[in-house]
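A short worksheet on the structure shown next.
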Amino acid sequence: MQLKKNKNVVKYRKPMNFNIGVIIFVIIFIYLVFNVFSYLTETHISVYEVEQGTIAVNNVYNGLILRDEKIINSDYSGAVNYYVKEGSKVAYGDLVCSVDENGDVSNMINEASQDGSTIDSENLAEIEKTINDFLYAYDGKNYYQVYSFKDNVNASLSEALSVNALNDISDYVASAENNNTFHKVITDVPGIVTYYTDGFENVTVDNFTAAMFDESNYSKNDLKTNPAIQAGSPEYKLIDSEYWNIIVPVPDATAESLKDDDTIKIRFLKDAKEAYAAYSIVGRDGQQYLILSLKSAMVRYASERYVEIELLLSEETGLKIPNSAITEKEFYTVPIDFFLKGGDSSDEGILVERTDKDGKSTTEFVTPTIYYETDDTYYIDSEYVSSGDILQKPDSSETYRVGTDTASLKGVYNINKGYAVFKQIDVLYQNEEYTIVKTGTTYGIALYDHIALDGTKIDENQLIK
């Protein structure tokens, strides 16, 4: 017997099983991919918190010393002996040196000056005082001063011994003078004695050149190293004025910071001595030069042509921000006379003439954000007005067209409220990395404000994520 298939039998499919864990994983994966993509494609705004700060400026420079210097040439040829220490003050008629044409008296002076027992008590007391002063002021950090001290003591000893030797052989000296072979050289004007030449004796603040500041080309002729002298050659040099100048090449920024004053305090790095100097600034061939004028302390540096100094400028203190945060923005400048207080607030506003769709003119009171002000203008942007808008002056028929005058301001973007707001800054000082800006400005930033680290990557009113 055969069984027949029942066509009415319904076939059932096996239901699909959904894994809820897989679904959640897929959703999370898509969410992560979207966020990573958004992060990689959007502009990131780094934040900087404004802090109080100081920029210490390195104002150490090497200056060229210029003085009133007169080279005294010898009238005779022969062996030369010196009796005055370099850098010493001399009066009219003081003995500076002697020239012995035969050399006999000079040899006797040199031999006698080798005997230290000839130094009198007055000279010993002076040398002892020099040593005690050095010991009292000695600082191990400035060991280089030992060499200057040594040179000074040796010069003092040589001066004292030579003068005593000259006195001890006075009979031989007198005889040689009578024979016109020994000549004492005395000063005809008071001044400060030095024993070198370098070709800068006739340089002034009016004729110095940039090449003179290259010390690698500087040469100094020490007159005391020559035991003999020729007639007509330099014998010694006399500085006959206490007034002197130091010429200092300075950067443009330093020159700009000094333009509103005429007196400055300086420190000499050689001995840490400080002094006040009048100054002026001149520009030559694209270089700014600070010309310091002094009327004291010149004797301490009489034997030097170059001196290292520090300009003791006050350190600039204020709000410290990175230079990368600074940007510029263009503004409309509107006369203050066109502003008034009105509406529902006490904010300053302007009357703007508007034209509706029907061509009817109306006047609207708007309160634009004021970013900066001068004595007679406010700085506003295009948030509420556009270039070409007509402003009505209060209680007057006078009008003003927006965009007639514009100006740019330096500033940063404040992001305290979650969106970018331009804030004007008043720069006090700037170096390669940071800027010090004035505190307490009406439209500026304040301590602990958050600003965009890169002012070029953000726009006004941009939301900060």
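Scheme for the structure tokens: letters A, B, ... for chains in order shown; per-chain residue numbers from 1; ligand numbers from 1 in order shown.
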
Could you give me, as a count of residues only, each residue of region 235-374 of chain A that DSSP assigns to alpha helix (DSSP H) when run on this structure's backbone?
-> 6

Pick out the residues sitting within 7 Å of Leu312 (chain A), and hand them over as an MDAnalysis selection string; count only C-alpha atoms, and ignore anything fewer than 3 positions along from it in its own chain.
-> chainID A and resid 265:267

Which one of A:Asp381, A:Asp104, A:Glu69, A:Glu86 sits closest to Asp198 (chain A) if you count only C-alpha atoms?
-> A:Glu69

Quick one, how far is CA of Lys457 (chain A) from CA of Tyr31 (chain A)?
-> 26.9 Å

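In terms of minimum interatomic distance to Val352 (chain A), A:Tyr384 ranks closest within A:Tyr372, A:Tyr448, A:Tyr384, A:Tyr61, counting only C-alpha atoms.
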
Based on DSSP run over this structure's backbone, return all residues of region 170-310 of chain A in strand (DSSP E), as JSON, numbers by chain.
-> {"A": [182, 183, 184, 185, 186, 191, 192, 193, 194, 196, 197, 221, 222, 228, 229, 234, 235, 236, 237, 238, 239, 240, 241, 242, 243, 244, 245, 246, 247, 248, 249, 250, 263, 264, 265, 266, 267, 268, 273, 274, 275, 276, 277, 278, 279, 280, 281, 282, 283, 284, 287, 288, 289, 290, 291, 292, 293, 294, 306, 307, 308, 309, 310]}

Counting only C-alpha atoms, what is within 12 Å of region 275-279 of chain A, bar same-chain residues fewer than 3 positions away, as a PyMOL selection string?
-> chain A and resi 205+243-248+255+258-269+271-272+282+289-298+309-313

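For Phe331 (chain A), the residues within 9 Å (counting only C-alpha atoms, excluding itself and residues fewer than 2 positions away along the chain) are Lys329, Thr333, Tyr371, Tyr379, Ile380, Asp381, Ser382, Gly403, Asp405, Thr406, Ala407, Ser408 and Leu409 of chain A.
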
Rounded to one decimal place, report the CA of Val173 (chain A)-CA of Asp240 (chain A) distance in Å.
->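 Going from CA of Val173 (chain A) over to CA of Asp240 (chain A), I get 29.5 Å.
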
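Among A:Ser303, A:Thr441, A:Gln230, A:Gln52, the residue with the shortest atom-to-atom distance to Gly87 (chain A), counting only C-alpha atoms, is A:Ser303.
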
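For the set A:Asn102, A:Asn107, A:Thr442, A:Gln287, the residue with the smallest atom-to-atom gap to Ala253 (chain A) is A:Gln287, counting only C-alpha atoms.
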
For Ile169 (chain A), which residue out of A:Thr254, A:Ile109, A:Asn226, A:Ile458 is the nearest one, using only C-alpha atoms?
->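 When distances to Ile169 (chain A) are compared using only C-alpha atoms, the smallest one comes from A:Ile109.
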
Among A:Tyr413, A:Tyr83, A:Tyr332, A:Tyr92, Val385 (chain A) is approached most closely, using only C-alpha atoms, by A:Tyr332

How many Å lie between CA of Glu460 (chain A) and CA of Tyr419 (chain A), rounded to one decimal?
->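 Distance between the two atoms: 8.0 Å.
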
Ala79 (chain A) surroundings by only C-alpha atoms, 12 Å radius, close-in-sequence under 3 positions cut, as a PyMOL selection string | chain A and resi 74+76+82+97-110+181-184+224-231+235

Near Pro335 (chain A), within 10 Å and counting only C-alpha atoms, which residues show up once chain neighbours fewer than 4 positions away are dropped, as a list in words?
->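 Here the qualifying residues turn out to be Phe339, Glu373, Thr374, Asp375, Asp376, Thr377, Tyr378, Tyr379, Lys393, Tyr400 and Asp405 of chain A.
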